[in-house]
Amino acid sequence: MTTSALPSRREVLTGRLADPAPSEVHVSSLVVHVRAEDVPTFRHALAQIPGAEIHAEHGGKFVVTLETVSEADIVTRLNEISLLAGVLSAALVFHHVEAQPAAESAEQG
């Protein structure tokens, strides 16, 4: 092994030798109850929230999925949805985390 292949002291001390942490994809599902007269406004407002998608609706109740990069983003988006006009309740009912290697997430991004 040559000296150029050895890590420098600075690389060892600062942790630059470690592989970057894998990125995560968080998929969560919400049940949102909206007043009937506010359903059109809710649909439009939800379409403006990144990663949010409506999958089912019946009688003012919606099944919404969120795709985020962290748990903090889930909480932020859940709060945003709760504060939309006409929303009576928004509840998290499912959460799943998938870790992706850094190289794979860079290709997809």
# chains A, B, ... in the order shown; residues from 1 in each chain; ligands from 1
>>> residues_around(residues="Leu88 of chain A", least_positions_apart="4", cutoff="9 Å", atoms="only C-alpha atoms", output="compact mmCIF listing (two decimals) with C-alpha atoms, in the first residue's frame")
# COMPACT_ATOMS: atom_id res chain seq x y z
CA VAL A 32 -58.53 13.33 6.63
CA HIS A 33 -62.12 14.37 7.37
CA VAL A 34 -63.29 17.51 5.58
CA ARG A 35 -66.58 19.44 5.73
CA SER A 82 -54.72 19.95 9.58
>>> closest_residue(among="A:Gly86, A:Ser23, A:Val75, A:Ala56", to="Glu37 of chain A", atoms="only C-alpha atoms")
A:Gly86
>>> closest_residue(among="A:Glu11, A:Glu80, A:Asp38, A:Glu98", to="Thr68 of chain A", atoms="only C-alpha atoms")
A:Glu98
>>> residues_around(residues="segment 43-46 of chain A", least_positions_apart="4", cutoff="9 Å", atoms="only C-alpha atoms", output="list in words")
Asp38, Val39, Pro50, Ala52, Glu53, Ile54, Ile81, Leu84 and Ala85 of chain A
>>> closest_residue(among="A:Val69, A:Ser8, A:Leu92, A:Thr41", to="Val25 of chain A", atoms="only C-alpha atoms")
A:Val69
>>> closest_residue(among="A:His26, A:Arg9, A:Ala47, A:Gly60", to="Val87 of chain A", atoms="only C-alpha atoms")
A:Gly60
>>> select_by_dssp(residues="segment 7-106 of chain A", states="strand (DSSP E or B)", output="count of residues only")
41
